[in-house]
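For reference, model-v1.tsv is printed below; it contains TSV, C-alpha atoms.
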```
chain	number	residue	atom	x	y	z
A	1	MET	CA	-6.49	-20.01	-21.87
A	2	PRO	CA	-3.03	-20.35	-23.54
A	3	SER	CA	-0.12	-19.79	-21.18
A	4	GLY	CA	1.33	-16.80	-23.02
A	5	TRP	CA	-1.98	-14.90	-23.42
A	6	TRP	CA	-0.68	-11.88	-21.55
A	7	LEU	CA	2.17	-11.39	-24.02
A	8	ARG	CA	-0.09	-11.30	-27.09
A	9	LYS	CA	-1.43	-7.77	-26.72
A	10	ARG	CA	0.10	-4.68	-25.13
A	11	HIS	CA	-3.15	-4.10	-23.26
A	12	TYR	CA	-2.98	-7.58	-21.67
A	13	PHE	CA	0.68	-7.09	-20.74
A	14	LEU	CA	-0.03	-3.75	-19.06
A	15	TYR	CA	-2.94	-5.33	-17.19
A	16	VAL	CA	-0.64	-8.02	-15.80
A	17	VAL	CA	2.00	-5.42	-14.88
A	18	ARG	CA	-0.72	-3.44	-13.07
A	19	GLU	CA	-1.78	-6.48	-11.06
A	20	PHE	CA	1.85	-7.50	-10.42
A	21	THR	CA	2.65	-4.09	-8.85
A	22	ALA	CA	1.20	-5.54	-5.63
A	23	LEU	CA	4.23	-7.80	-5.12
A	24	PRO	CA	7.08	-5.22	-5.09
A	25	MET	CA	4.93	-2.83	-3.05
A	26	ALA	CA	4.25	-5.61	-0.53
A	27	LEU	CA	7.98	-6.37	-0.32
A	28	TRP	CA	8.80	-2.72	0.32
A	29	LEU	CA	6.18	-2.47	3.07
A	30	LEU	CA	7.60	-5.63	4.65
A	31	TRP	CA	10.95	-3.86	4.64
A	32	LEU	CA	9.25	-0.89	6.39
A	33	LEU	CA	8.08	-3.31	9.07
A	34	TRP	CA	11.69	-4.50	9.40
A	35	ASP	CA	12.80	-0.87	9.70
A	36	ILE	CA	10.28	-0.41	12.53
A	37	LYS	CA	11.44	-3.63	14.21
A	38	SER	CA	15.08	-2.56	14.02
A	39	ALA	CA	14.25	0.48	16.17
A	40	GLY	CA	13.32	-1.98	18.91
A	41	ALA	CA	16.96	-3.11	19.09
A	42	GLY	CA	17.88	0.11	20.87
A	43	ALA	CA	20.35	2.83	19.89
A	44	SER	CA	23.32	0.42	19.79
A	45	GLY	CA	21.58	-2.23	17.68
A	46	PHE	CA	19.78	0.11	15.31
A	47	GLN	CA	20.94	-0.08	11.69
A	48	PRO	CA	19.64	2.72	9.48
A	49	PRO	CA	18.64	1.78	5.93
A	50	ARG	CA	21.66	2.40	3.68
A	51	GLY	CA	23.49	0.76	0.82
A	52	ILE	CA	23.22	0.88	-2.93
A	53	GLY	CA	21.46	-2.51	-3.07
A	54	PHE	CA	18.62	-1.20	-0.94
A	55	VAL	CA	18.41	1.98	-3.04
A	56	ALA	CA	18.19	-0.12	-6.24
A	57	PHE	CA	15.47	-2.30	-4.65
A	58	SER	CA	13.55	0.84	-3.65
A	59	ALA	CA	13.95	2.34	-7.14
A	60	VAL	CA	12.38	-0.77	-8.69
A	61	CYS	CA	9.57	-0.74	-6.11
A	62	LEU	CA	9.03	2.99	-6.73
A	63	ALA	CA	8.55	2.41	-10.47
A	64	PHE	CA	5.87	-0.21	-9.75
A	65	ALA	CA	4.28	1.97	-7.04
A	66	MET	CA	4.07	4.93	-9.44
A	67	TYR	CA	2.43	2.71	-12.05
A	68	HIS	CA	-0.06	1.47	-9.45
A	69	SER	CA	-0.86	5.08	-8.46
A	70	TYR	CA	-1.28	6.19	-12.07
A	71	THR	CA	-3.56	3.30	-13.06
A	72	PHE	CA	-5.57	3.24	-9.82
A	73	LEU	CA	-6.22	6.98	-9.65
A	74	LYS	CA	-7.05	7.11	-13.36
A	75	LEU	CA	-9.78	4.53	-12.72
A	76	ALA	CA	-11.41	6.85	-10.18
A	77	GLY	CA	-13.34	8.56	-12.98
A	78	VAL	CA	-14.99	5.24	-13.82
A	79	ILE	CA	-15.56	3.98	-10.28
A	80	ILE	CA	-16.60	7.12	-8.41
A	81	HIS	CA	-19.97	8.66	-9.27
A	82	LEU	CA	-20.67	11.98	-7.55
A	83	LYS	CA	-23.46	14.50	-7.87
A	84	VAL	CA	-23.16	18.17	-6.93
A	85	PHE	CA	-26.43	20.12	-6.92
A	86	ASP	CA	-28.09	17.15	-8.65
A	87	LYS	CA	-25.61	17.30	-11.53
A	88	PRO	CA	-23.09	14.49	-12.10
A	89	VAL	CA	-19.45	15.50	-11.68
A	90	PRO	CA	-17.58	14.78	-14.95
A	91	PRO	CA	-15.11	11.86	-14.70
A	92	GLY	CA	-12.28	14.16	-15.82
A	93	VAL	CA	-12.82	16.41	-12.81
A	94	ILE	CA	-12.78	13.40	-10.45
A	95	VAL	CA	-9.53	12.08	-11.95
A	96	PHE	CA	-7.94	15.55	-11.82
A	97	THR	CA	-8.97	15.88	-8.15
A	98	MET	CA	-7.50	12.45	-7.31
A	99	PHE	CA	-4.18	13.32	-8.94
A	100	GLY	CA	-4.22	16.64	-7.10
A	101	LEU	CA	-4.85	14.76	-3.86
A	102	TRP	CA	-1.90	12.48	-4.65
A	103	ALA	CA	0.36	15.51	-5.15
A	104	VAL	CA	-0.76	17.13	-1.89
A	105	ALA	CA	-0.45	13.87	0.10
A	106	SER	CA	3.03	13.26	-1.32
A	107	ILE	CA	4.21	16.77	-0.42
A	108	VAL	CA	2.85	16.43	3.15
A	109	ILE	CA	4.47	13.00	3.66
A	110	MET	CA	7.81	14.12	2.23
A	111	ALA	CA	7.75	17.28	4.37
A	112	LEU	CA	7.08	15.24	7.53
A	113	LEU	CA	9.65	12.50	6.78
A	114	ILE	CA	12.34	15.09	6.01
A	115	GLY	CA	11.24	17.76	8.50
A	116	LEU	CA	11.24	15.34	11.45
A	117	GLY	CA	14.73	14.05	10.55
A	118	ARG	CA	17.95	15.58	11.77
B	1	MET	CA	-47.67	-16.52	-2.72
B	2	SER	CA	-44.78	-14.54	-4.02
B	3	THR	CA	-42.07	-16.54	-5.72
B	4	GLN	CA	-39.57	-13.77	-5.12
B	5	THR	CA	-36.97	-14.64	-2.54
B	6	ARG	CA	-35.32	-11.96	-0.50
B	7	ARG	CA	-31.57	-12.02	-1.25
B	8	LYS	CA	-29.29	-11.69	1.71
B	9	PRO	CA	-26.72	-8.88	1.34
B	10	ALA	CA	-23.25	-10.27	0.64
B	11	TYR	CA	-21.57	-8.68	3.65
B	12	GLY	CA	-18.45	-10.81	3.27
B	13	HIS	CA	-18.02	-9.71	-0.31
B	14	LEU	CA	-18.71	-6.10	0.67
B	15	PHE	CA	-16.02	-6.26	3.38
B	16	TRP	CA	-13.31	-7.63	1.08
B	17	TRP	CA	-14.15	-5.13	-1.67
B	18	PHE	CA	-14.08	-2.30	0.87
B	19	MET	CA	-10.61	-3.40	2.05
B	20	PHE	CA	-9.43	-3.92	-1.55
B	21	ALA	CA	-10.61	-0.54	-2.84
B	22	ASN	CA	-9.47	1.48	0.16
B	23	GLY	CA	-6.17	-0.35	0.32
B	24	GLY	CA	-5.55	0.39	-3.34
B	25	GLY	CA	-6.45	4.04	-2.92
B	26	LEU	CA	-4.37	4.51	0.21
B	27	THR	CA	-1.36	2.79	-1.37
B	28	ALA	CA	-1.72	4.90	-4.52
B	29	LEU	CA	-1.84	8.17	-2.59
B	30	LEU	CA	0.78	7.51	0.08
B	31	LEU	CA	3.33	4.83	-0.81
B	32	PRO	CA	5.39	6.46	-3.61
B	33	ALA	CA	6.41	9.35	-1.31
B	34	HIS	CA	7.54	6.90	1.40
B	35	ILE	CA	9.61	4.86	-1.05
B	36	LEU	CA	11.18	7.96	-2.61
B	37	VAL	CA	12.19	9.53	0.71
B	38	GLN	CA	12.86	6.51	2.97
B	39	GLY	CA	14.06	4.17	0.25
B	40	ILE	CA	16.14	6.48	-1.96
B	41	PHE	CA	16.76	10.02	-0.63
B	42	GLY	CA	17.52	8.94	2.94
B	43	PRO	CA	19.91	6.07	2.18
B	44	LEU	CA	21.73	8.21	-0.42
B	45	GLY	CA	22.12	11.03	2.11
B	46	VAL	CA	20.37	13.53	-0.18
B	47	VAL	CA	18.26	14.85	2.70
B	48	ARG	CA	17.86	14.20	6.43
B	49	VAL	CA	15.18	11.53	6.88
B	50	VAL	CA	13.44	10.56	10.09
B	51	ASP	CA	14.41	6.84	9.99
B	52	GLN	CA	18.13	7.46	9.42
B	53	HIS	CA	18.73	8.17	13.13
B	54	TYR	CA	17.58	6.08	16.06
B	55	ASP	CA	16.40	8.94	18.25
B	56	THR	CA	14.22	10.64	15.60
B	57	TRP	CA	12.80	7.31	14.37
B	58	ILE	CA	11.90	5.96	17.82
B	59	ASN	CA	10.43	9.34	18.78
B	60	VAL	CA	8.15	9.40	15.73
B	61	LEU	CA	7.16	5.74	16.19
B	62	GLY	CA	5.96	6.58	19.71
B	63	ASN	CA	3.37	9.03	18.42
B	64	PRO	CA	-0.11	7.39	18.52
B	65	LEU	CA	-1.21	9.12	15.31
B	66	VAL	CA	1.86	7.75	13.51
B	67	LYS	CA	1.07	4.27	14.87
B	68	LEU	CA	-2.49	4.50	13.52
B	69	TYR	CA	-1.25	5.85	10.20
B	70	ILE	CA	1.30	3.05	9.74
B	71	LEU	CA	-1.27	0.44	10.77
B	72	ALA	CA	-3.82	1.74	8.23
B	73	LEU	CA	-1.22	1.99	5.48
B	74	ILE	CA	0.18	-1.52	5.96
B	75	ALA	CA	-3.04	-3.37	6.85
B	76	LEU	CA	-5.24	-1.97	4.08
B	77	SER	CA	-2.43	-2.26	1.52
B	78	PHE	CA	-1.93	-5.94	2.30
B	79	PHE	CA	-5.62	-6.73	1.88
B	80	HIS	CA	-5.39	-5.03	-1.51
B	81	PHE	CA	-2.23	-6.97	-2.42
B	82	ALA	CA	-3.79	-10.28	-1.33
B	83	HIS	CA	-6.82	-9.74	-3.57
B	84	ARG	CA	-4.78	-8.62	-6.57
B	85	LEU	CA	-2.20	-11.39	-6.39
B	86	ARG	CA	-4.84	-14.08	-5.88
B	87	TYR	CA	-6.74	-12.97	-8.97
B	88	LEU	CA	-3.50	-12.62	-10.92
B	89	LEU	CA	-2.86	-16.31	-10.25
B	90	VAL	CA	-6.42	-17.09	-11.44
B	91	ASP	CA	-5.71	-15.12	-14.64
B	92	PHE	CA	-2.58	-17.23	-15.13
B	93	GLY	CA	-4.70	-20.37	-15.02
B	94	VAL	CA	-4.06	-21.35	-11.39
B	95	HIS	CA	-7.65	-22.31	-10.60
B	96	ALA	CA	-6.65	-23.46	-7.13
B	97	ALA	CA	-6.29	-19.76	-6.29
B	98	LYS	CA	-10.12	-19.60	-6.23
B	99	SER	CA	-10.33	-22.28	-3.56
B	100	ILE	CA	-11.09	-21.71	0.11
B	101	PRO	CA	-7.56	-22.80	1.22
B	102	ALA	CA	-6.06	-20.24	-1.19
B	103	GLN	CA	-8.33	-17.55	0.21
B	104	VAL	CA	-7.27	-18.51	3.71
B	105	ILE	CA	-3.61	-18.28	2.69
B	106	PHE	CA	-3.89	-14.91	0.90
B	107	TYR	CA	-6.31	-13.08	3.20
B	108	GLY	CA	-4.93	-14.91	6.22
B	109	GLY	CA	-1.52	-13.61	5.18
B	110	ALA	CA	-2.91	-10.07	5.17
B	111	VAL	CA	-4.38	-10.67	8.63
B	112	ALA	CA	-1.02	-12.06	9.83
B	113	VAL	CA	0.87	-9.01	8.54
B	114	THR	CA	-1.71	-6.77	10.24
B	115	LEU	CA	-1.23	-8.59	13.55
B	116	VAL	CA	2.58	-8.38	13.26
B	117	THR	CA	2.25	-4.65	12.53
B	118	ILE	CA	0.06	-4.13	15.61
B	119	PHE	CA	2.51	-6.12	17.74
B	120	LEU	CA	5.54	-4.14	16.52
B	121	LEU	CA	3.81	-0.78	16.88
B	122	LEU	CA	2.82	-1.62	20.45
B	123	THR	CA	6.16	-3.07	21.53
B	124	VAL	CA	8.92	-1.21	19.67
B	125	ALA	CA	8.19	2.30	20.96
B	126	PRO	CA	6.06	3.22	23.97
B	127	ILE	CA	3.16	5.56	23.22
B	128	SER	CA	4.28	9.12	23.69
B	129	LEU	CA	2.55	12.41	22.96
B	130	GLY	CA	5.77	14.41	23.12
```
Would you mind writing the file's structure down as C-alpha cells?
Amino acid sequence: MPSGWWLRKRHYFLYVVREFTALPMALWLLWLLWDIKSAGAGASGFQPPRGIGFVAFSAVCLAFAMYHSYTFLKLAGVIIHLKVFDKPVPPGVIVFTMFGLWAVASIVIMALLIGLGR
Amino acid sequence: MSTQTRRKPAYGHLFWWFMFANGGGLTALLLPAHILVQGIFGPLGVVRVVDQHYDTWINVLGNPLVKLYILALIALSFFHFAHRLRYLLVDFGVHAAKSIPAQVIFYGGAVAVTLVTIFLLLTVAPISLG
C-alpha cells in the first residue's frame, strides 16, 4: 500500500483519526494515574492539576475523546442486534439510546466530580 | 466416517475482542466528562473539582467503589487502545505489528498499566467506607 494512502480520501483520513484517538486518550489516562499517585505524597507534597499547558493538553485530548465517543456510539446501530417481543430494534433507536446513555453518564460523572469537591 | 472436524472456539480471540469492545464503549461513555471537568474546568477554577484539594481527592480515592470504577475505566480503556494502535500500525504498513513480540508489547503494556493502577489504588489511599 502506498505510504500516503490515508491522505487520498476524506473517508480514509477520518478512519485514521478515529484509530489515532486512542493515543491522546491513553496519555490523558496516564496523567490521571499520575494525579492519583500525587495524592500518595501527602497533603504537603500534593500538587493539584493546574496551569494553562495542562488545560491545552486536556483540550486537545477532549477533542479526540469526543470524536472517539461520536464514532464508537454511532457504530452501535451496526454492531448491536436486539430483539424486543421478537421484533428487531431499529438501529436508529439503538444509536439514540447510546447517545442518551452518554449524556446521562456524563451528567452523573460531572455532578460527582464537582459535587464532591470543595 | 465424517470428514467434518470440530472447530475449537477461539477463546483467546473472544477475550481480546471483549476487552476491546467494552473498553471502547466505556471510554466513549465516561472519558469526555472526566477530561472536561478534571482537565479543563478544575484547573481553570471554573468550578470546585474533587482532585483540586488533597483532602477531597484522598477521601474519594479511599472509596472501594471509586477504586473499582477507576480500575475498570483505565484497564479496559488500555486494552482498547492497545488493539487500536497495533492495527493502526498494521494499516500504515508496519507488518511487524502483527507479530507475537508486538502483541506482547501492546497487550503486555495494557497489562502493565492495569497492574500499576491496581498498585496505586491499593497503596495511595486506604480503603474507607466513610
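Straight-line separation from atom CA of Asn63 of chain B to atom CA of Leu36 of chain B: 22.5 Å.
Straight-line separation from atom CA of Lys74 of chain A to atom CA of Val95 of chain A: 5.7 Å.
When the distance limit is 10 Å and all atoms listed in the file are what count, the residues near segment 103-108 of chain B, minus those fewer than 5 positions from it on the same chain, are Trp16, Phe78, Phe79, His80, Phe81, Ala82, His83, Arg84, Leu85, Arg86, Ala96, Ala97, Lys98, Val113 and Thr114 of chain B.
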Take atom CA of Gly25 of chain B and atom CA of Val84 of chain A and report the distance between them in Å, one decimal.
22.2 Å
Do you have, as JSON lines, the list of residues of chain B lying at most 9 Å from chain A, each with its nearest atom pair and that distance in Å to one decimal, counting only C-alpha atoms and ordered by chain then number?
```
{"residue": "B:Gly24", "atom": "CA", "partner": "A:Phe72", "partner_atom": "CA", "distance": 7.1}
{"residue": "B:Gly25", "atom": "CA", "partner": "A:Phe72", "partner_atom": "CA", "distance": 7.0}
{"residue": "B:Thr27", "atom": "CA", "partner": "A:Ser69", "partner_atom": "CA", "distance": 7.5}
{"residue": "B:Ala28", "atom": "CA", "partner": "A:Ser69", "partner_atom": "CA", "distance": 4.0}
{"residue": "B:Leu29", "atom": "CA", "partner": "A:Trp102", "partner_atom": "CA", "distance": 4.8}
{"residue": "B:Leu30", "atom": "CA", "partner": "A:Ser106", "partner_atom": "CA", "distance": 6.3}
{"residue": "B:Leu31", "atom": "CA", "partner": "A:Ala65", "partner_atom": "CA", "distance": 6.9}
{"residue": "B:Pro32", "atom": "CA", "partner": "A:Ala65", "partner_atom": "CA", "distance": 5.8}
{"residue": "B:Ala33", "atom": "CA", "partner": "A:Ser106", "partner_atom": "CA", "distance": 5.2}
{"residue": "B:His34", "atom": "CA", "partner": "A:Ile109", "partner_atom": "CA", "distance": 7.2}
{"residue": "B:Ile35", "atom": "CA", "partner": "A:Leu62", "partner_atom": "CA", "distance": 6.0}
{"residue": "B:Leu36", "atom": "CA", "partner": "A:Leu62", "partner_atom": "CA", "distance": 6.8}
{"residue": "B:Val37", "atom": "CA", "partner": "A:Met110", "partner_atom": "CA", "distance": 6.5}
{"residue": "B:Gln38", "atom": "CA", "partner": "A:Leu113", "partner_atom": "CA", "distance": 7.8}
{"residue": "B:Gly39", "atom": "CA", "partner": "A:Ser58", "partner_atom": "CA", "distance": 5.2}
{"residue": "B:Ile40", "atom": "CA", "partner": "A:Val55", "partner_atom": "CA", "distance": 5.2}
{"residue": "B:Phe41", "atom": "CA", "partner": "A:Val55", "partner_atom": "CA", "distance": 8.6}
{"residue": "B:Gly42", "atom": "CA", "partner": "A:Arg50", "partner_atom": "CA", "distance": 7.8}
{"residue": "B:Pro43", "atom": "CA", "partner": "A:Arg50", "partner_atom": "CA", "distance": 4.3}
{"residue": "B:Leu44", "atom": "CA", "partner": "A:Arg50", "partner_atom": "CA", "distance": 7.1}
{"residue": "B:Gly45", "atom": "CA", "partner": "A:Arg50", "partner_atom": "CA", "distance": 8.8}
{"residue": "B:Val47", "atom": "CA", "partner": "A:Ile114", "partner_atom": "CA", "distance": 6.8}
{"residue": "B:Arg48", "atom": "CA", "partner": "A:Gly117", "partner_atom": "CA", "distance": 5.2}
{"residue": "B:Val49", "atom": "CA", "partner": "A:Gly117", "partner_atom": "CA", "distance": 4.5}
{"residue": "B:Val50", "atom": "CA", "partner": "A:Gly117", "partner_atom": "CA", "distance": 3.7}
{"residue": "B:Asp51", "atom": "CA", "partner": "A:Pro48", "partner_atom": "CA", "distance": 6.7}
{"residue": "B:Gln52", "atom": "CA", "partner": "A:Pro48", "partner_atom": "CA", "distance": 5.0}
{"residue": "B:His53", "atom": "CA", "partner": "A:Pro48", "partner_atom": "CA", "distance": 6.6}
{"residue": "B:Tyr54", "atom": "CA", "partner": "A:Ala43", "partner_atom": "CA", "distance": 5.7}
{"residue": "B:Asp55", "atom": "CA", "partner": "A:Ala43", "partner_atom": "CA", "distance": 7.5}
{"residue": "B:Thr56", "atom": "CA", "partner": "A:Gly117", "partner_atom": "CA", "distance": 6.1}
{"residue": "B:Trp57", "atom": "CA", "partner": "A:Ala39", "partner_atom": "CA", "distance": 7.2}
{"residue": "B:Ile58", "atom": "CA", "partner": "A:Ala39", "partner_atom": "CA", "distance": 6.2}
{"residue": "B:Val60", "atom": "CA", "partner": "A:Leu116", "partner_atom": "CA", "distance": 7.9}
{"residue": "B:Leu61", "atom": "CA", "partner": "A:Ile36", "partner_atom": "CA", "distance": 7.8}
{"residue": "B:Leu73", "atom": "CA", "partner": "A:Leu29", "partner_atom": "CA", "distance": 9.0}
{"residue": "B:Ile74", "atom": "CA", "partner": "A:Leu29", "partner_atom": "CA", "distance": 6.7}
{"residue": "B:Ser77", "atom": "CA", "partner": "A:Ala26", "partner_atom": "CA", "distance": 7.7}
{"residue": "B:Phe78", "atom": "CA", "partner": "A:Ala26", "partner_atom": "CA", "distance": 6.8}
{"residue": "B:His80", "atom": "CA", "partner": "A:Ala22", "partner_atom": "CA", "distance": 7.8}
{"residue": "B:Phe81", "atom": "CA", "partner": "A:Ala22", "partner_atom": "CA", "distance": 4.9}
{"residue": "B:Ala82", "atom": "CA", "partner": "A:Ala22", "partner_atom": "CA", "distance": 8.1}
{"residue": "B:Arg84", "atom": "CA", "partner": "A:Glu19", "partner_atom": "CA", "distance": 5.8}
{"residue": "B:Leu85", "atom": "CA", "partner": "A:Glu19", "partner_atom": "CA", "distance": 6.8}
{"residue": "B:Tyr87", "atom": "CA", "partner": "A:Glu19", "partner_atom": "CA", "distance": 8.4}
{"residue": "B:Leu88", "atom": "CA", "partner": "A:Glu19", "partner_atom": "CA", "distance": 6.4}
{"residue": "B:Asp91", "atom": "CA", "partner": "A:Met1", "partner_atom": "CA", "distance": 8.8}
{"residue": "B:Phe92", "atom": "CA", "partner": "A:Ser3", "partner_atom": "CA", "distance": 7.0}
{"residue": "B:Gly93", "atom": "CA", "partner": "A:Met1", "partner_atom": "CA", "distance": 7.1}
{"residue": "B:Val113", "atom": "CA", "partner": "A:Leu30", "partner_atom": "CA", "distance": 8.5}
{"residue": "B:Val116", "atom": "CA", "partner": "A:Leu33", "partner_atom": "CA", "distance": 8.6}
{"residue": "B:Thr117", "atom": "CA", "partner": "A:Leu33", "partner_atom": "CA", "distance": 6.9}
{"residue": "B:Leu120", "atom": "CA", "partner": "A:Lys37", "partner_atom": "CA", "distance": 6.4}
{"residue": "B:Leu121", "atom": "CA", "partner": "A:Ile36", "partner_atom": "CA", "distance": 7.8}
{"residue": "B:Thr123", "atom": "CA", "partner": "A:Gly40", "partner_atom": "CA", "distance": 7.7}
{"residue": "B:Val124", "atom": "CA", "partner": "A:Gly40", "partner_atom": "CA", "distance": 4.5}
{"residue": "B:Ala125", "atom": "CA", "partner": "A:Gly40", "partner_atom": "CA", "distance": 7.0}
```
Neighbouring residues of Pro91 of chain A were defined as those with any atom within 6 Å, considering only C-alpha atoms; residues of the same chain fewer than 2 positions away were excluded. Please report them as number ranges by chain.
A: 77, 93-94
Which centre and which edge lengths, in Å to one decimal, describe the axis-aligned box that holds all listed atoms of segment 5-11 of chain A after 8 Å is added on each side, as lines of an AutoDock Vina configuration file?
```
center_x = -0.5
center_y = -9.5
center_z = -24.3
size_x = 21.3
size_y = 26.8
size_z = 21.5
```
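With distances taken from (-9.9, 2.4, 4.7) and restricted to only C-alpha atoms, the residues inside 8 Å are Phe18, Met19, Asn22, Gly23, Leu26, Ala72 and Leu76 of chain B.
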